[in-house]
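A.B. asks: Pasting final-v1.pdb here (PDB, C-alpha atoms, pLDDT in the B column):
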ATOM      1  CA  MET A 211     193.987 -12.324 -97.502  1.00 73.00           C
ATOM      2  CA  LEU A 212     190.536 -12.916 -98.972  1.00 69.00           C
ATOM      3  CA  ARG A 213     188.861 -11.495 -95.876  1.00 73.00           C
ATOM      4  CA  ARG A 214     191.035  -8.420 -96.038  1.00 75.00           C
ATOM      5  CA  SER A 215     190.193  -7.689 -99.675  1.00 78.00           C
ATOM      6  CA  LEU A 216     186.496  -8.422 -99.068  1.00 77.00           C
ATOM      7  CA  ALA A 217     186.498  -6.041 -96.083  1.00 77.00           C
ATOM      8  CA  GLY A 218     188.249  -3.422 -98.225  1.00 78.00           C
ATOM      9  CA  ILE A 219     185.642  -3.724-100.963  1.00 83.00           C
ATOM     10  CA  VAL A 220     182.754  -3.462 -98.478  1.00 78.00           C
ATOM     11  CA  LEU A 221     184.378  -0.432 -96.846  1.00 74.00           C
ATOM     12  CA  PHE A 222     184.979   1.190-100.245  1.00 71.00           C
ATOM     13  CA  VAL A 223     181.342   0.640-101.295  1.00 74.00           C
ATOM     14  CA  PHE A 224     180.045   1.967 -97.972  1.00 72.00           C
ATOM     15  CA  VAL A 225     182.186   5.125 -98.110  1.00 71.00           C
ATOM     16  CA  GLY A 226     181.383   5.628-101.779  1.00 66.00           C
ATOM     17  CA  THR A 227     177.616   5.458-101.266  1.00 70.00           C
ATOM     18  CA  ALA A 228     177.781   7.788 -98.265  1.00 65.00           C
ATOM     19  CA  ALA A 229     179.751  10.349-100.261  1.00 63.00           C
ATOM     20  CA  PHE A 230     177.394   9.999-103.223  1.00 63.00           C
ATOM     21  CA  ALA A 231     174.330  10.413-101.004  1.00 63.00           C
ATOM     22  CA  GLN A 232     175.682  13.691 -99.637  1.00 62.00           C
ATOM     23  CA  ALA A 233     176.427  14.976-103.121  1.00 61.00           C
ATOM     24  CA  VAL A 234     172.945  14.301-104.476  1.00 58.00           C
ATOM     25  CA  LYS A 235     170.495  17.003-103.524  1.00 59.00           C
ATOM     26  CA  GLU A 236     166.815  16.352-103.424  1.00 61.00           C
ATOM     27  CA  MET A 237     165.089  17.961-106.376  1.00 56.00           C
ATOM     28  CA  PRO A 238     162.438  20.541-105.524  1.00 64.00           C
ATOM     29  CA  ARG A 239     158.988  19.051-105.744  1.00 67.00           C
ATOM     30  CA  THR A 240     156.342  20.776-107.764  1.00 68.00           C
ATOM     31  CA  PRO A 241     152.712  20.097-106.954  1.00 62.00           C
ATOM     32  CA  ILE A 242     151.010  17.696-109.319  1.00 62.00           C
ATOM     33  CA  LYS A 243     148.020  19.239-111.034  1.00 58.00           C
ATOM     34  CA  PRO A 244     145.191  17.091-112.289  1.00 59.00           C
ATOM     35  CA  ILE A 245     144.918  17.045-116.061  1.00 61.00           C
ATOM     36  CA  ASN A 246     141.292  18.116-116.155  1.00 61.00           C
ATOM     37  CA  GLN A 247     141.248  20.415-113.145  1.00 57.00           C
ATOM     38  CA  PRO A 248     138.010  22.396-113.014  1.00 59.00           C
ATOM     39  CA  SER A 249     138.465  26.077-113.604  1.00 81.00           C
ATOM     40  CA  ILE A 250     137.040  28.705-111.286  1.00 91.00           C
ATOM     41  CA  VAL A 251     134.063  30.501-112.778  1.00 94.00           C
ATOM     42  CA  ASP A 252     132.845  33.926-111.659  1.00 95.00           C
ATOM     43  CA  ILE A 253     129.043  33.777-111.710  1.00 95.00           C
ATOM     44  CA  ASN A 254     128.844  37.562-112.095  1.00 95.00           C
ATOM     45  CA  THR A 255     130.960  37.851-115.249  1.00 94.00           C
ATOM     46  CA  ALA A 256     131.319  34.435-116.902  1.00 94.00           C
ATOM     47  CA  PRO A 257     129.392  33.664-120.075  1.00 95.00           C
ATOM     48  CA  GLU A 258     126.769  30.940-119.969  1.00 95.00           C
ATOM     49  CA  ALA A 259     129.094  28.511-121.786  1.00 94.00           C
ATOM     50  CA  ASP A 260     131.733  28.745-119.037  1.00 94.00           C
ATOM     51  CA  ILE A 261     129.158  27.998-116.358  1.00 94.00           C
ATOM     52  CA  VAL A 262     127.947  24.990-118.346  1.00 94.00           C
ATOM     53  CA  SER A 263     131.547  23.794-118.796  1.00 92.00           C
ATOM     54  CA  ILE A 264     131.909  23.027-115.067  1.00 93.00           C
ATOM     55  CA  GLY A 265     128.852  20.761-115.180  1.00 92.00           C
ATOM     56  CA  ILE A 266     125.866  22.997-114.434  1.00 94.00           C
ATOM     57  CA  GLU A 267     122.848  22.435-116.697  1.00 95.00           C
ATOM     58  CA  ARG A 268     122.314  24.959-119.483  1.00 96.00           C
ATOM     59  CA  THR A 269     118.879  26.072-118.214  1.00 96.00           C
ATOM     60  CA  ILE A 270     120.281  26.773-114.751  1.00 96.00           C
ATOM     61  CA  ALA A 271     123.299  28.548-116.250  1.00 96.00           C
ATOM     62  CA  LYS A 272     120.945  30.787-118.221  1.00 97.00           C
ATOM     63  CA  LYS A 273     119.051  31.662-115.023  1.00 96.00           C
ATOM     64  CA  ILE A 274     122.352  32.422-113.270  1.00 96.00           C
ATOM     65  CA  VAL A 275     123.321  34.841-116.052  1.00 96.00           C
ATOM     66  CA  GLU A 276     119.879  36.485-116.025  1.00 96.00           C
ATOM     67  CA  GLY A 277     119.875  36.876-112.219  1.00 94.00           C
ATOM     68  CA  ARG A 278     123.083  38.894-112.016  1.00 93.00           C
ATOM     69  CA  PRO A 279     124.563  40.454-109.922  1.00 92.00           C
ATOM     70  CA  TRP A 280     124.962  37.884-107.147  1.00 94.00           C
ATOM     71  CA  ARG A 281     126.258  38.906-103.701  1.00 94.00           C
ATOM     72  CA  SER A 282     127.706  35.447-103.016  1.00 94.00           C
ATOM     73  CA  LYS A 283     127.735  32.028-104.602  1.00 94.00           C
ATOM     74  CA  ARG A 284     125.535  30.825-101.727  1.00 96.00           C
ATOM     75  CA  ASP A 285     122.719  32.954-103.224  1.00 96.00           C
ATOM     76  CA  LEU A 286     122.293  30.247-105.853  1.00 95.00           C
ATOM     77  CA  VAL A 287     120.931  27.980-103.114  1.00 96.00           C
ATOM     78  CA  THR A 288     118.879  30.644-101.314  1.00 96.00           C
ATOM     79  CA  LYS A 289     117.231  31.627-104.622  1.00 95.00           C
ATOM     80  CA  GLN A 290     116.670  27.898-105.314  1.00 95.00           C
ATOM     81  CA  LEU A 291     118.657  27.737-108.542  1.00 95.00           C
ATOM     82  CA  LEU A 292     120.850  24.969-107.112  1.00 95.00           C
ATOM     83  CA  THR A 293     120.021  22.318-104.536  1.00 95.00           C
ATOM     84  CA  LYS A 294     122.302  21.912-101.525  1.00 96.00           C
ATOM     85  CA  ASP A 295     123.776  18.768-103.097  1.00 96.00           C
ATOM     86  CA  GLN A 296     124.464  20.565-106.377  1.00 95.00           C
ATOM     87  CA  TYR A 297     126.006  23.470-104.483  1.00 96.00           C
ATOM     88  CA  GLU A 298     128.328  21.132-102.562  1.00 95.00           C
ATOM     89  CA  LYS A 299     129.409  19.623-105.880  1.00 94.00           C
ATOM     90  CA  PHE A 300     130.166  22.945-107.597  1.00 94.00           C
ATOM     91  CA  LYS A 301     131.111  25.304-104.739  1.00 93.00           C
ATOM     92  CA  ASN A 302     134.868  24.928-105.286  1.00 93.00           C
ATOM     93  CA  SER A 303     134.480  25.896-108.950  1.00 93.00           C
ATOM     94  CA  LEU A 304     132.313  28.977-108.348  1.00 94.00           C
ATOM     95  CA  VAL A 305     133.085  32.474-107.122  1.00 95.00           C
ATOM     96  CA  ALA A 306     130.975  35.630-107.000  1.00 94.00           C
ATOM     97  CA  LYS A 307     133.232  38.657-107.337  1.00 92.00           C
ATOM     98  CA  ARG A 308     131.555  41.961-106.750  1.00 82.00           C
ATOM     99  CA  PRO A 309     132.062  44.607-109.387  1.00 73.00           C
ATOM    100  CA  SER A 310     134.320  47.404-108.190  1.00 73.00           C
ATOM    101  CA  LYS A 311     132.663  50.752-107.562  1.00 70.00           C
ATOM    102  CA  LYS A 312     134.201  53.461-109.695  1.00 65.00           C
ATOM    103  CA  GLY A 313     133.893  56.790-108.096  1.00 51.00           C
TER     104      GLY A 313
END
Could you take the file, read its structure, and then write that structure out as structure tokens?

C.D. replies:
Amino acid sequence: MLRRSLAGIVLFVFVGTAAFAQAVKEMPRTPIKPINQPSIVDINTAPEADIVSIGIERTIAKKIVEGRPWRSKRDLVTKQLLTKDQYEKFKNSLVAKRPSKKG
């Protein structure tokens, strides 16, 4: 008798968890964003303060603003404003959008 009731309880728990598992849907996952994610700065339009905010020194940021327009962010290395190491550090935070030609 005890075995029968124990088997019934185990069977009930097993069926109950299987039914519950089918009923629960996995919640959609949203990507986790870092709290202090660096913003993307356009070196052709951003003010000097925005360029400094990603970690570039103020004197270099001033030269970037004065040297506009830039064809690409890689120009900062070819014109020797940034070293290759500095460029590797900041390249994901920089973009050089070309101004649109209005006809």

A.B. asks: Starting from the PyMOL selection byres ((chain A and resi 252-261) around 12), expand the selection into actual residues of this file and give them as a ChimeraX atom specification.

C.D. replies: /A:248-251,262-286,300-310

A.B. asks: Could you jot down the atom CA of A:Met211 to atom CA of A:Val223 separation for me, Å, one decimal place?

C.D. replies: 18.5 Å

A.B. asks: Show me, as AutoDock Vina command-line options, the centre and edge lengths in Å to one decimal of the axis-aligned box that covers every listed atom of stretch 211-227 of chain A with 4 Å on each side.

C.D. replies:
--center_x 185.8 --center_y -3.6 --center_z -98.8 --size_x 24.4 --size_y 26.5 --size_z 13.9

A.B. asks: How far is it from atom CA of A:Lys299 to atom CA of A:Val287, in Å with one decimal?

C.D. replies: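 Computed distance, atom CA of A:Lys299 to atom CA of A:Val287, equals 12.2 Å.
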